[in-house]
Amino acid sequence: MKPVPNDPRQIATQLVVLTLVADGELANREIDAIDRLHIAELLGVPRDALVQAVADHCKGLLAGQEIHGGAVRVLDLERTEQLLDRITDPALQKLTCRAMLVLAKADGCIALPEQTLLRHALTRWALTPEDVLED
């Protein structure tokens, strides 16, 4: 398992990356939404850092870092919990969930693994969908 970063913005970026690949498919509409919705800017990270995080995560999956019993495990809830627990700022929690939600919806369907990830974040951070959608 990869070490968990210390910077909350990097952690938020990792959670967004997990959302992008949770359903096992990185759709063009999701990638387009990163720019259209200014996700990197909202997270407070350079766009290149977000794109590099996506590439690094996918490269790690393809290299077999997450292979268990012959299958690629795209979503690791233990690691996800570690990431979620490191973001303690309520505003960043809400922002991260909002980014995760809009990217999960970007391809027109929130797949079950994306739903699981979002539900887990909302529960862990004691947020409601309404909290996430408020400004």
# chains A, B, ... in the order shown; residues from 1 in each chain; ligands from 1
call {"tool": "residues_around", "arguments": {"residues": "region 116-127 of chain A", "least_positions_apart": "6", "cutoff": "10 Å", "atoms": "only C-alpha atoms", "output": "ChimeraX atom specification"}}
result
/A:15,18-19,22,75-77,80-81,83-85,87-90,93-94,96-98,100-101,104,110
call {"tool": "atom_distance", "arguments": {"atom1": "CA of Val21 (chain A)", "atom2": "CA of Asp48 (chain A)"}}
result
17.7 Å
call {"tool": "closest_residue", "arguments": {"among": "A:Ala91, A:Ala99, A:Val54, A:Leu37", "to": "Val17 (chain A)", "atoms": "only C-alpha atoms"}}
result
A:Val54
call {"tool": "closest_residue", "arguments": {"among": "A:Ile31, A:Leu92, A:Leu133, A:Ile11", "to": "Ala55 (chain A)", "atoms": "only C-alpha atoms"}}
result
A:Ile31
call {"tool": "residues_around", "arguments": {"residues": "Glu30 (chain A)", "least_positions_apart": "4", "cutoff": "8 Å", "atoms": "only C-alpha atoms", "output": "ChimeraX atom specification"}}
result
/A:20,26,34,103-104,106-107
call {"tool": "select_by_dssp", "arguments": {"residues": "region 23-128 of chain A", "states": "strand (DSSP E)", "output": "list of chain:residue names"}}
result
A:Ile67, A:His68, A:Ala71, A:Val72
call {"tool": "atom_distance", "arguments": {"atom1": "CA of Ala12 (chain A)", "atom2": "CA of Arg86 (chain A)"}}
result
9.4 Å
call {"tool": "atom_distance", "arguments": {"atom1": "CA of Asn28 (chain A)", "atom2": "CA of Glu41 (chain A)"}}
result
19.4 Å
call {"tool": "select_by_dssp", "arguments": {"residues": "chain A", "states": "helix (DSSP H, G or I)", "output": "ChimeraX atom specification"}}
result
/A:8-21,28-36,39-43,47-62,77-86,90-105,112-124,129-133
